[in-house]
Every structure is written in structure tokens, then in C-alpha cells.
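Here is entry_3.txt, consisting of compact mmCIF, C-alpha atoms and all ligand atoms:
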```
# COMPACT_ATOMS: atom_id res chain seq x y z
CA MET K 1 13.44 8.11 6.41
CA ASN K 2 12.14 10.94 8.53
CA PHE K 3 10.02 12.24 5.71
CA VAL K 4 8.09 8.94 5.67
CA ALA K 5 7.03 9.17 9.32
CA LYS K 6 6.06 12.76 8.81
CA ALA K 7 4.11 12.08 5.62
CA LEU K 8 2.19 9.29 7.35
CA ASN K 9 1.55 11.43 10.46
CA LEU K 10 3.17 8.83 12.71
CA SER K 11 3.91 9.42 16.38
CA THR K 12 7.53 8.90 17.45
CA SER K 13 6.71 5.49 18.90
CA ALA K 14 4.85 4.42 15.75
CA ALA K 15 7.80 5.56 13.67
CA ASP K 16 10.11 3.43 15.83
CA ARG K 17 7.84 0.42 15.43
CA LEU K 18 7.84 0.90 11.66
CA GLU K 19 11.60 0.75 11.74
CA GLU K 20 11.91 -2.17 14.18
CA ARG K 21 9.46 -4.33 12.31
CA ASN K 22 11.32 -3.69 9.05
CA ILE K 23 8.14 -2.87 7.18
CA LEU K 24 9.58 -0.10 5.10
CA ARG K 25 11.26 -1.21 1.87
CA LYS K 26 12.74 0.39 -1.19
CA ALA K 27 10.14 1.17 -3.84
CA ILE K 28 12.47 1.96 -6.74
CA VAL K 29 15.83 1.44 -8.30
CA LYS K 30 17.06 5.00 -8.65
CA HIS K 31 17.51 5.94 -12.28
CA PRO K 32 17.17 8.92 -14.69
CA PHE K 33 14.03 7.22 -16.07
CA PHE K 34 12.46 8.25 -12.73
CA PRO K 35 13.69 11.87 -12.82
CA ASP K 36 11.07 13.30 -10.47
CA ILE K 37 11.84 10.95 -7.59
CA VAL K 38 14.51 11.60 -5.00
CA GLU K 39 13.61 8.66 -2.77
CA ALA K 40 10.66 6.27 -2.50
CA PHE K 41 9.63 3.71 0.11
CA ARG K 42 6.77 1.25 0.38
CA LEU K 43 5.00 -0.60 3.16
CA GLU K 44 5.64 -4.31 2.89
CA LYS K 45 2.82 -5.00 5.38
CA LYS K 46 -0.27 -3.20 6.55
CA PHE K 47 0.65 -0.62 9.18
CA GLY K 48 -2.08 1.03 11.26
CA PHE K 49 -4.72 1.96 8.73
CA TYR K 50 -2.20 2.19 5.91
CA GLU K 51 -2.63 -0.66 3.45
CA ASP K 52 0.38 -2.73 2.40
CA GLY K 53 1.70 -1.39 -0.88
CA THR K 54 1.35 2.20 0.32
CA VAL K 55 4.14 4.30 -1.20
CA VAL K 56 5.76 7.44 0.16
CA VAL K 57 7.72 9.43 -2.37
CA LYS K 58 10.09 12.28 -1.85
CA ALA K 59 9.72 14.02 -5.18
CA VAL K 60 11.55 17.03 -6.54
CA ASP K 61 8.44 19.11 -5.85
CA GLY K 62 7.37 17.72 -2.44
CA VAL K 63 6.41 14.58 -0.56
CA ARG K 64 3.54 12.40 -1.80
CA VAL K 65 1.64 9.44 -0.34
CA PHE K 66 -0.02 6.86 -2.56
CA ARG K 67 -2.22 4.52 -0.60
CA GLY K 68 -2.12 0.79 -1.25
CA PHE K 69 -5.01 -0.77 -3.13
CA PRO K 70 -7.38 -2.18 -0.49
CA LYS K 71 -8.08 -5.90 -0.14
CA ILE K 72 -11.32 -7.05 -1.70
CA ARG K 73 -13.17 -9.70 0.29
CA ARG K 74 -14.32 -12.78 -1.54
CA ILE K 75 -17.71 -14.46 -1.43
CA LEU K 76 -18.10 -18.18 -2.07
CA VAL K 77 -21.88 -18.15 -2.50
CA LEU K 78 -23.95 -15.40 -4.08
CA ASN K 79 -26.89 -16.00 -1.83
CA PRO K 80 -27.12 -14.77 0.94
CA ALA K 81 -23.65 -13.16 0.86
CA LEU K 82 -24.61 -10.33 -1.52
CA LYS K 83 -27.82 -9.54 0.34
CA LYS K 84 -26.08 -9.56 3.70
CA HIS K 85 -23.46 -7.10 2.51
CA PHE K 86 -25.27 -4.79 0.07
CA ARG K 87 -28.85 -5.05 1.44
CA ASP K 88 -31.13 -3.11 -0.92
CA ARG K 89 -28.50 -0.93 -2.53
CA GLU K 90 -27.87 -0.83 -6.21
CA ILE K 91 -24.82 -2.85 -7.24
CA ALA K 92 -22.70 -2.83 -10.38
CA LEU K 93 -21.27 -6.10 -11.68
CA GLU K 94 -17.88 -5.06 -12.94
CA GLU K 95 -15.75 -7.51 -14.79
CA LYS K 96 -12.80 -8.71 -12.75
CA MET K 97 -10.00 -8.75 -15.28
CA ASN K 98 -7.03 -11.02 -14.88
CA GLY K 99 -3.77 -9.12 -15.04
CA TYR K 100 -1.88 -7.16 -12.44
CA ASN K 101 -2.86 -4.21 -10.34
CA VAL K 102 -1.33 -0.87 -11.33
CA ARG K 103 -1.83 2.57 -9.84
CA VAL K 104 -1.15 5.18 -12.48
CA VAL K 105 0.01 8.41 -10.85
CA LYS K 106 1.68 11.65 -11.78
CA ILE K 107 4.77 12.65 -9.84
CA GLY K 108 6.43 15.93 -10.78
CA GLU K 109 6.35 16.12 -14.56
CA ASN K 110 5.90 12.44 -15.41
CA LEU K 111 3.55 9.50 -15.13
CA TYR K 112 4.47 6.39 -13.13
CA GLY K 113 3.07 2.88 -12.76
CA ILE K 114 3.03 1.45 -9.23
CA THR K 115 2.40 -2.28 -8.80
CA ARG K 116 0.35 -3.84 -6.01
CA ARG K 117 3.15 -4.24 -3.49
CA GLY K 118 4.17 -0.63 -4.01
CA LEU K 119 7.07 -0.92 -6.41
CA ILE K 120 7.47 1.56 -9.20
CA CYS K 121 8.00 -0.80 -12.12
CA PRO K 122 10.07 0.50 -15.05
CA TYR K 123 8.40 -1.75 -17.64
CA THR K 124 4.92 -0.76 -16.47
CA THR K 125 5.94 2.90 -16.29
CA GLU K 126 7.21 2.83 -19.86
CA LYS K 127 3.87 1.44 -21.03
CA VAL K 128 1.90 3.89 -18.87
CA ARG K 129 3.75 6.82 -20.45
CA GLU K 130 2.94 5.46 -23.91
CA ARG K 131 -0.73 4.74 -23.26
CA PHE K 132 -1.85 7.69 -21.11
CA GLU K 133 -1.98 11.41 -21.72
CA ASP K 134 -1.55 13.52 -18.64
CA ASP K 135 -4.68 15.67 -19.19
CA PHE K 136 -6.60 13.76 -16.50
CA PHE K 137 -3.87 14.58 -13.96
CA LYS K 138 -3.86 18.26 -14.94
CA ASP K 139 -7.48 18.36 -13.76
CA TYR K 140 -7.16 15.87 -10.88
CA PRO K 141 -3.55 16.04 -9.64
CA ASP K 142 -4.28 14.26 -6.34
CA TYR K 143 -5.98 11.23 -7.81
CA MET K 144 -4.69 7.87 -8.93
CA LEU K 145 -6.09 5.66 -11.65
CA CYS K 146 -6.33 2.10 -10.38
CA CYS K 147 -6.07 -0.22 -13.35
CA GLU K 148 -5.63 -3.83 -14.32
CA ALA K 149 -2.69 -4.23 -16.72
CA VAL K 150 -3.58 -7.03 -19.11
CA GLY K 151 -2.17 -8.61 -22.22
CA LEU K 152 0.37 -11.06 -23.53
CA ALA K 153 3.44 -8.88 -22.98
CA SER K 154 3.07 -8.93 -19.21
CA PRO K 155 5.98 -9.74 -16.90
CA TYR K 156 3.70 -10.74 -14.02
CA VAL K 157 0.39 -12.17 -15.32
CA PRO K 158 0.50 -12.83 -19.08
CA SER K 159 -2.92 -13.61 -20.52
CA ASP K 160 -4.23 -14.24 -24.02
CA VAL K 161 -7.96 -14.08 -23.32
CA TYR K 162 -8.41 -10.37 -24.06
CA GLY K 163 -6.82 -10.39 -27.50
CA ILE K 164 -4.22 -7.83 -26.39
CA LYS K 165 -0.81 -8.53 -27.90
CA GLU K 166 1.17 -6.07 -25.81
CA LEU K 167 -0.10 -4.54 -22.60
CA ASP K 168 -3.10 -2.33 -21.96
CA PHE K 169 -4.68 -0.76 -18.91
CA PHE K 170 -8.31 -0.91 -17.81
CA ILE K 171 -9.44 1.45 -15.09
CA PHE K 172 -11.53 0.01 -12.29
CA ASP K 173 -11.24 2.65 -9.56
CA ILE K 174 -10.37 6.32 -9.36
CA ARG K 175 -9.15 7.15 -5.89
CA ASP K 176 -7.78 10.06 -3.93
CA SER K 177 -4.16 8.98 -3.51
CA ARG K 178 -3.89 10.34 0.03
CA THR K 179 -7.24 9.22 1.54
CA ASN K 180 -8.00 6.27 -0.74
CA ASP K 181 -11.61 7.50 -1.14
CA SER K 182 -13.13 6.27 -4.35
CA ILE K 183 -15.43 8.21 -6.68
CA SER K 184 -18.80 6.70 -7.64
CA ILE K 185 -19.23 4.37 -10.60
CA ARG K 186 -21.20 7.01 -12.52
CA GLU K 187 -18.46 9.64 -12.06
CA LYS K 188 -15.84 7.11 -13.07
CA GLU K 189 -17.75 6.33 -16.26
CA GLU K 190 -18.02 10.03 -17.06
CA ILE K 191 -14.31 10.58 -16.54
CA ALA K 192 -13.37 7.53 -18.61
CA GLU K 193 -15.62 8.82 -21.38
CA SER K 194 -14.39 12.40 -21.37
CA TYR K 195 -10.66 11.59 -21.19
CA GLY K 196 -10.92 8.60 -23.53
CA LEU K 197 -9.71 6.07 -20.96
CA ASN K 198 -10.37 2.30 -21.09
CA MET K 199 -12.58 1.10 -18.31
CA VAL K 200 -13.42 -2.42 -17.15
CA LYS K 201 -16.81 -3.49 -18.40
CA VAL K 202 -19.88 -3.07 -16.23
CA HIS K 203 -21.99 -6.08 -17.19
CA LEU K 204 -25.09 -5.30 -15.18
CA VAL K 205 -26.46 -2.88 -12.61
CA THR K 206 -28.93 -4.60 -10.37
CA HIS K 207 -29.86 -5.59 -6.80
CA SER K 208 -28.57 -8.46 -4.71
CA ASP K 209 -31.77 -10.51 -5.02
CA ASP K 210 -31.49 -10.75 -8.81
CA PHE K 211 -29.92 -14.23 -8.64
CA ASP K 212 -30.88 -15.23 -12.19
CA GLY K 213 -29.51 -12.04 -13.75
CA ILE K 214 -26.27 -12.34 -11.82
CA LYS K 215 -25.89 -16.04 -12.56
CA ARG K 216 -26.39 -15.34 -16.28
CA VAL K 217 -23.45 -12.87 -16.24
CA ILE K 218 -21.25 -15.41 -14.43
CA ASP K 219 -22.11 -18.17 -16.90
CA GLU K 220 -21.31 -15.92 -19.82
CA LEU K 221 -17.99 -14.83 -18.30
CA ASN K 222 -17.15 -18.44 -17.57
CA SER K 223 -17.74 -19.52 -21.15
CA ASN K 224 -15.57 -16.63 -22.36
CA ARG K 225 -12.66 -17.74 -20.14
CA ARG K 226 -12.98 -14.63 -17.97
CA GLU K 227 -11.97 -14.36 -14.35
CA GLY K 228 -15.08 -13.17 -12.57
CA ILE K 229 -16.92 -10.23 -11.09
CA VAL K 230 -16.27 -7.49 -8.61
CA PHE K 231 -19.58 -6.44 -7.07
CA LYS K 232 -19.59 -2.74 -6.25
CA ASP K 233 -21.99 -0.41 -4.53
CA VAL K 234 -22.69 2.12 -7.30
CA GLU K 235 -21.98 4.94 -4.84
CA MET K 236 -18.74 3.25 -3.71
CA LYS K 237 -19.68 3.80 -0.08
CA LEU K 238 -19.48 0.09 0.82
CA ASN K 239 -16.52 -2.20 0.21
CA PRO K 240 -16.69 -4.29 -2.95
CA LEU K 241 -16.86 -8.10 -3.01
CA LYS K 242 -15.33 -10.47 -5.53
CA TYR K 243 -16.40 -13.78 -7.00
CA THR K 244 -14.61 -15.95 -9.55
CA THR K 245 -15.70 -18.28 -12.32
CA SER K 246 -14.95 -21.97 -12.41
CA TYR K 247 -12.72 -21.26 -15.38
CA ALA K 248 -10.59 -18.93 -13.25
CA ASN K 249 -10.45 -21.34 -10.33
CA THR K 250 -9.27 -24.21 -12.50
CA SER K 251 -6.82 -22.17 -14.52
CA ASP K 252 -5.28 -20.86 -11.27
CA LEU K 253 -4.98 -24.47 -10.12
CA ARG K 254 -3.33 -25.47 -13.38
CA TYR K 255 -0.81 -22.72 -12.91
CA ALA K 256 -0.16 -23.38 -9.23
CA PHE K 257 0.27 -27.13 -9.69
CA ARG K 258 2.60 -26.67 -12.63
CA PHE K 259 4.80 -24.70 -10.22
CA PHE K 260 3.81 -26.56 -7.07
CA GLY K 261 7.17 -25.90 -5.42
CA GLU K 262 6.52 -22.13 -5.42
CA TYR K 263 2.88 -22.05 -4.37
CA ALA K 264 1.57 -22.34 -0.84
CA ARG K 265 -0.97 -25.05 -0.09
CA ASP K 266 -3.50 -22.42 0.93
CA PHE K 267 -3.53 -21.10 -2.62
CA MET K 268 -4.57 -24.50 -3.99
CA LEU K 269 -6.95 -25.38 -1.20
CA ALA K 270 -8.82 -22.06 -1.48
CA ARG K 271 -9.56 -22.69 -5.16
CA ILE K 272 -10.79 -26.23 -4.57
CA ILE K 273 -13.14 -24.98 -1.87
CA ARG K 274 -14.50 -22.31 -4.23
CA GLU K 275 -15.39 -25.04 -6.70
CA ALA K 276 -17.23 -26.99 -4.03
CA PHE K 277 -19.41 -24.07 -2.95
CA GLN K 278 -20.18 -23.10 -6.51
CA SER K 279 -21.12 -26.63 -7.42
CA PHE K 280 -23.46 -26.76 -4.42
CA GLU K 281 -25.06 -23.37 -5.05
CA PHE K 282 -25.56 -23.84 -8.78
CA GLY K 283 -27.37 -27.12 -8.09
CA GLU K 284 -25.87 -28.83 -11.09
CA GLY K 285 -27.12 -32.03 -12.68
CA GLU K 286 -25.10 -35.23 -12.86
CA GLU K 287 -23.48 -34.44 -16.18
CA GLU K 288 -22.39 -30.95 -15.19
CA PHE K 289 -21.09 -32.29 -11.90
CA ASN K 290 -19.08 -34.99 -13.63
CA ASP K 291 -17.64 -32.38 -15.98
CA ARG K 292 -16.59 -30.26 -13.04
CA CYS K 293 -14.93 -33.25 -11.33
CA LEU K 294 -12.99 -34.10 -14.45
CA ARG K 295 -12.00 -30.47 -15.04
CA LEU K 296 -10.80 -30.10 -11.48
CA GLY K 297 -8.88 -33.36 -11.45
CA ARG K 298 -7.21 -32.57 -14.74
CA ALA K 299 -6.29 -29.07 -13.56
CA ILE K 300 -4.46 -30.64 -10.63
CA LEU K 301 -2.76 -33.64 -12.18
CA GLU K 302 -1.96 -32.71 -15.76
CA PRO K 303 0.33 -29.74 -15.04
CA MET K 304 2.19 -31.61 -12.28
CA VAL K 305 2.78 -34.68 -14.38
CA SER K 306 4.02 -32.52 -17.24
CA SER K 307 6.41 -30.64 -14.93
CA ILE K 308 7.74 -33.95 -13.61
CA LYS K 309 8.19 -35.25 -17.14
CA GLU K 310 10.02 -32.11 -18.28
CA CYS K 311 12.32 -32.23 -15.28
CA SER K 312 13.03 -35.91 -15.84
CA GLU K 313 14.20 -35.01 -19.35
CA GLY K 314 16.66 -32.54 -17.88
CA LYS K 315 14.60 -29.43 -18.74
CA THR K 316 14.16 -26.48 -16.41
CA ILE K 317 10.69 -25.47 -15.23
CA TYR K 318 10.00 -21.82 -15.91
CA GLU K 319 7.22 -19.43 -16.83
CA GLU K 320 7.73 -17.65 -20.10
CA SER K 321 6.40 -14.46 -21.65
CA ILE K 322 7.47 -12.16 -24.46
CA LEU K 323 7.98 -8.57 -23.37
CA VAL K 324 8.21 -5.56 -25.64
CA PHE K 325 10.47 -2.67 -24.64
CA SER K 326 10.73 0.69 -26.40
CA SER K 327 14.18 1.46 -25.10
CA ARG K 328 17.33 -0.32 -24.09
CA GLU K 329 17.60 1.91 -21.05
CA VAL K 330 14.31 0.59 -19.65
CA LEU K 331 15.29 -2.99 -20.42
CA ASP K 332 18.47 -2.62 -18.37
CA LEU K 333 16.60 -0.87 -15.59
CA PHE K 334 13.99 -3.64 -15.59
CA LYS K 335 16.75 -6.20 -14.95
CA SER K 336 17.81 -4.28 -11.85
CA HIS K 337 14.15 -4.08 -10.83
CA LEU K 338 13.80 -7.88 -11.08
CA ARG K 339 16.88 -8.25 -8.88
CA LEU K 340 15.29 -5.93 -6.34
CA LEU K 341 12.22 -8.21 -6.44
CA GLY K 342 14.42 -11.27 -5.96
CA VAL K 343 13.18 -12.96 -9.14
CA ASP K 344 15.31 -15.74 -10.63
CA PHE K 345 15.14 -14.98 -14.36
CA LYS K 346 16.67 -15.18 -17.80
CA LEU K 347 16.20 -12.57 -20.53
CA GLU K 348 16.92 -13.23 -24.17
CA ILE K 349 16.65 -10.59 -26.89
CA LEU K 350 14.66 -11.91 -29.85
CA ASP K 351 14.86 -8.93 -32.15
CA GLU K 352 15.37 -5.21 -31.91
CA ALA K 353 14.56 -3.94 -35.37
CA LYS K 354 11.85 -1.57 -34.11
CA LYS K 355 10.94 -2.31 -30.56
CA ILE K 356 12.99 -4.68 -28.44
CA ARG K 357 11.25 -8.03 -28.13
CA VAL K 358 12.55 -10.06 -25.25
CA LYS K 359 11.88 -13.59 -24.07
CA PHE K 360 11.48 -13.41 -20.30
CA LYS K 361 11.81 -16.65 -18.34
CA ARG K 362 10.98 -16.78 -14.67
CA ILE K 363 12.82 -19.79 -13.30
CA MET K 364 10.85 -21.79 -10.76
CA ARG K 365 13.73 -22.95 -8.61
CA GLY K 366 11.55 -24.43 -5.85
CA THR K 367 9.65 -26.71 -8.23
CA ASN K 368 12.79 -27.75 -10.09
CA ASP K 369 14.66 -28.64 -6.92
CA ARG K 370 11.71 -30.48 -5.44
CA ILE K 371 11.12 -32.67 -8.49
CA GLU K 372 14.80 -33.36 -9.08
CA GLY K 373 15.22 -34.40 -5.46
CA ILE K 374 12.25 -36.75 -5.51
CA LEU K 375 13.28 -38.30 -8.82
CA LYS K 376 16.69 -38.99 -7.30
CA GLY K 377 15.01 -40.79 -4.43
CA SER K 378 14.62 -38.09 -1.78
CA THR K 379 11.66 -38.37 0.55
CA TRP K 380 8.89 -35.70 0.55
CA LYS K 381 9.82 -34.43 4.02
P1 LIG A 401 -7.08 -8.77 -2.73
O1 LIG A 401 -5.84 -8.62 -1.93
O2 LIG A 401 -7.60 -7.48 -3.26
O3 LIG A 401 -8.15 -9.59 -2.11
P2 LIG A 401 -5.60 -10.58 -4.50
O4 LIG A 401 -4.24 -10.04 -4.56
O5 LIG A 401 -5.82 -11.90 -3.87
O6 LIG A 401 -6.66 -9.52 -4.01
P3 LIG A 401 -7.39 -10.92 -6.69
O7 LIG A 401 -8.05 -12.13 -6.15
O8 LIG A 401 -6.94 -10.94 -8.10
O9 LIG A 401 -6.11 -10.50 -5.95
O10 LIG A 401 -8.49 -9.75 -6.52
C1 LIG A 401 -8.32 -8.39 -6.39
C2 LIG A 401 -7.69 -7.74 -7.61
O11 LIG A 401 -8.53 -7.82 -8.74
C3 LIG A 401 -7.45 -6.25 -7.48
O12 LIG A 401 -6.28 -5.99 -6.77
C4 LIG A 401 -7.35 -5.81 -8.92
O13 LIG A 401 -6.02 -5.84 -9.37
C5 LIG A 401 -8.10 -6.86 -9.69
N1 LIG A 401 -9.28 -6.37 -10.45
C6 LIG A 401 -9.59 -6.72 -11.71
N2 LIG A 401 -10.72 -6.15 -12.10
C7 LIG A 401 -11.17 -5.40 -11.07
C8 LIG A 401 -12.31 -4.57 -10.88
N3 LIG A 401 -13.24 -4.40 -11.81
N4 LIG A 401 -12.43 -3.94 -9.70
C9 LIG A 401 -11.50 -4.10 -8.72
N5 LIG A 401 -10.42 -4.88 -8.84
C10 LIG A 401 -10.24 -5.53 -10.01
MG MG A 402 -5.70 -10.75 -9.88
```
Output the file's structure as C-alpha cells, nothing else.
Ligand code: ATP
Ligand code: MG
Amino acid sequence: MNFVAKALNLSTSAADRLEERNILRKAIVKHPFFPDIVEAFRLEKKFGFYEDGTVVVKAVDGVRVFRGFPKIRRILVLNPALKKHFRDREIALEEKMNGYNVRVVKIGENLYGITRRGLICPYTTEKVRERFEDDFFKDYPDYMLCCEAVGLASPYVPSDVYGIKELDFFIFDIRDSRTNDSISIREKEEIAESYGLNMVKVHLVTHSDDFDGIKRVIDELNSNRREGIVFKDVEMKLNPLKYTTSYANTSDLRYAFRFFGEYARDFMLARIIREAFQSFEFGEGEEEFNDRCLRLGRAILEPMVSSIKECSEGKTIYEESILVFSSREVLDLFKSHLRLLGVDFKLEILDEAKKIRVKFKRIMRGTNDRIEGILKGSTWK
């Protein structure tokens, strides 16, 4: 424990507060698959200027700090929000990919994948070790590659829109793991190129008053079922801003209402409000507006009615994905990891001829219990 306070340069009173508020949590299940790590803790909440998801690792060769990925503020209208924030600076429209946030880091002799909340995930780490060489880290040992992990074989956010059957990583930021300073977009592109790393797509480099150009990118992303844009100062001196497509808003709603017992009302409300501001700003005609109304209404009702129906037939409501493991050891470790996360799950091996293909079901207990209760005559509150 002491090494954490020291690594974060905390005063004695700050260290006490950290303890009292129970902010420090375990970041790993100890296992030989993580041979370089003696102990690892993460911040469950923001603490001082340390972001939540910050990880402190006691490694075999010293103590390391990996800062949490910073929050990205969201805009609901392009105009004047972009102008107000970026003024006359050049901005890059990077694709916002829909997967989960992973910091790829090197600790001791091996690569590791840290998820957003600061857990070192065995499944992600196995994939990281298969997809990345460590030549980048030989040249930049103190940096972390911030990536979106996307694909069908994802335990957290499975997605079929990128045509990736397993799981792949797309770099969006390269940061100093200790200070969280980010390198410029140009430098990032050069590094991605020279080390052969996948990078998220930059769709356009422009200025905030280029409404038509920006709108065109959003429309194209929307028709390709993509999530949205992260607007970045090309120098990475200002904080980025994010903006999502109507497709993303409605598909989030579909998901949240299917599992309405697990999702907070804020989650749903925020996405409905995004639709309203976009509809207003894009000044749509009657037909487009009617389409949006229908899309939104369907995204809310259809998934709920289908969950109710399934429950009424005695089925369990769960989210399902197919994961692909390279080793049995990691599969077993991943089960312990899910227990650490408190996930209610079922795993079923489909085949293990080459790789181990596993059906992973995340049971949505809240939704199941809610629907069952109501169907048996319980009141809402
Ligand atoms: P936040 O806490 O950052 O506001 P959130 O957890 O609500 O975010 P999102 O709304 O998905 O998540 O938006 C931020 C996330 O988007 C980042 O954490 C990152 O994983 C993901 N992302 C995808 N593409 C990019 C990109 N090009 N640049 C930055 N982040 C990206
Ligand atoms: Mg996301």
C-alpha cells in the first residue's frame, strides 16, 4: 500500500484520505500470466488530479504509474460549440470507434492491456501480446498506446460494424504514462506508420467554421453505422471533444432498453436529448424528422417488448458474445477476472480444436428480476 502513496507523491493526510474513502482497489488477479507484476492497484474514482482508472504497479523492476484515460467532454451542437472551444486552431476529425478503451503498456518483459477502470484484463492482455510487437516500447518505454479494442470477440462491447471477427486494436492517443501528456496528431501518425500500428481514421483536418465539411463526415459515418467523431486539436494542446451520430444514439438506446433493469435513467435520457439537439441543428425536413421519430420510438419500445416477451416465455435475458482464447490458462484466469468485476456470467466451450471458442453470456439479473416481478403482478415501485 505504501508504495502507492509514494508513487503518487501523496502527503500523509492525502494517503489517509485515499484509504478512508476506499478508492484504491485491486487491479489484477495475481497469476503467472502476469509474471512481471508483484502487486497492482487502481483508483476507482478520481483523486486529486489523478484520473479514475489510474493504475499503480509494483513490478519486478520498479514501481510504475499509468494514468487513467481522461474524460472527453461531449458537444450536442457543432455550432458554436466547436468555435468556442477550438477558436481558429486546426482540428482533426478522428473517428470515434465503438469498442472498449485499452491502454497497452509494457511492464518488465511483457505487454499488458489495461481497461478503462484500470483493471489488467487477461483476455485483452492475451490479444495485446498476439497483436503487438514490443519494438515501440523499446524506443518509448515510458509511453502507453491508448487504443479502442473492437471486433466481434469482445467481452465488453462486441460490434460487427468493422468487419473484425476477433479483436483488434486501433490507436487513438500516445501518452506519457506518468504525466498523461499526449503527442501531436502528426507525430502519432508517423509512429503508427513506422511501427506498423493500426490507427483510428482521421476523416478530415479543418477549422471549426467548416460546418458543411464536418456535417458531411458525420452523415457519412452515420450511414456506415459508425459511432461518431472525436474532434482534436492537431497539436493536442487543448482537450478533445466528442460528438455522436444518430445511429450511435439509437443503437445505445436499443441496448439500454433491452437491459433496462441494468441501465440508469440518465444513460437513456442523455441519448434522447442528443437526438433532439441534432434534429434541431440539422434543420431537417418533415420526412427526415418523421424518420427520426420512428427510429427513436422503435429503439425504445422494440427491445423492451422483446425482453418482456422472452422473460414471459421463461427465458433469461443476457448479452451474448463469442470469445476466442489461445490458451486454457487464460480462459480460467478470465473467469476469476470476471468474478473480481462482479459480473454474473455463464461460459460454454464451443470447440477447442485450434483456438478455444467460448460462448460468453452476461446475465442481466436486474432486468430479469424486474420483468418477472411485474409479470407476476408486482408494482413498479
Ligand atoms: P468519457 O469518460 O471519456 O467521456 P465514456 O466512458 O462515456 O467517455 P465514450 O462516450 O465512449 O465513453 O467516449 C470516450 C471514449 O471513446 C474513449 O474512452 C475511447 O475509449 C473511445 N474512443 C474511440 N475512438 C476514439 C478516438 N479517436 N479518440 C479518443 N477516444 C476514442
Ligand atoms: Mg465508447
Produce as a PyMOL selection string the set of residues near ligand LIG 401 (chain A), where near means within 9 Å with only C-alpha atoms and all ligand atoms considered.
-> chain K and resi 69-74+93-102+116+146-149+170-173+199-202+227-232+240-244
Which one is closest to ligand MG 402 (chain A): K:Gly48, K:Gly342, K:Gly377, K:Pro158? Count all atoms listed in the file.
->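 Distance minimum relative to ligand MG 402 (chain A) lands on K:Pro158.
Using only C-alpha atoms and all ligand atoms, the smallest distance between any of K:Asp252, K:Asp369, K:Glu310, K:Asp332 and ligand MG 402 (chain A) comes from K:Asp252.
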Which residue, K:Glu284, K:Asp181, K:Asp16, K:Asp291, has the smallest gap to Asp142 in chain K when you use all atoms listed in the file?
->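 Among K:Glu284, K:Asp181, K:Asp16, K:Asp291, it is K:Asp181 that comes nearest to Asp142 in chain K.
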Just the residues within 10 Å of range 80-84 of chain K, please, counting all atoms listed in the file, with nothing from its chain fewer than 5 positions along; format it as JSON, numbers by chain.
-> {"K": [74, 75, 89, 91, 207, 208, 209, 210, 211, 231, 241]}
Looking at K:Thr206, K:Gly118, K:Arg103, K:Asn2, which one is nearest to Glu44 in chain K, with distances taken over all atoms listed in the file?
-> K:Gly118
Pick from K:Arg365, K:Arg226, K:Arg21, K:Lys355: nearest to ligand MG 402 (chain A), with only C-alpha atoms and all ligand atoms counted?
->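 Smallest separation from ligand MG 402 (chain A) among the options: K:Arg226.
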Excluding same-chain residues fewer than 2 positions from range 275-279 of chain K, what lies within 8 Å of it counting all atoms listed in the file, as a ChimeraX atom specification?
-> /K:76-77,246,249,271-273,281-284,289
Between CA of Glu302 in chain K and CA of Arg370 in chain K, what is the spacing in Å?
->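 Pair CA of Arg370 in chain K / CA of Glu302 in chain K returns 17.3 Å.
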Name the closest residue to ligand MG 402 (chain A) among the candidates K:Leu238, K:Leu8, K:Leu294, K:Val157; distances are taken between atoms, counting all atoms listed in the file.
-> K:Val157
What does the distance between CA of Arg292 in chain K and CA of Thr245 in chain K come to in Å, to one decimal place?
->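 It comes out at 12.0 Å.
CA of Val234 in chain K lies 5.3 Å from CA of Ile185 in chain K.
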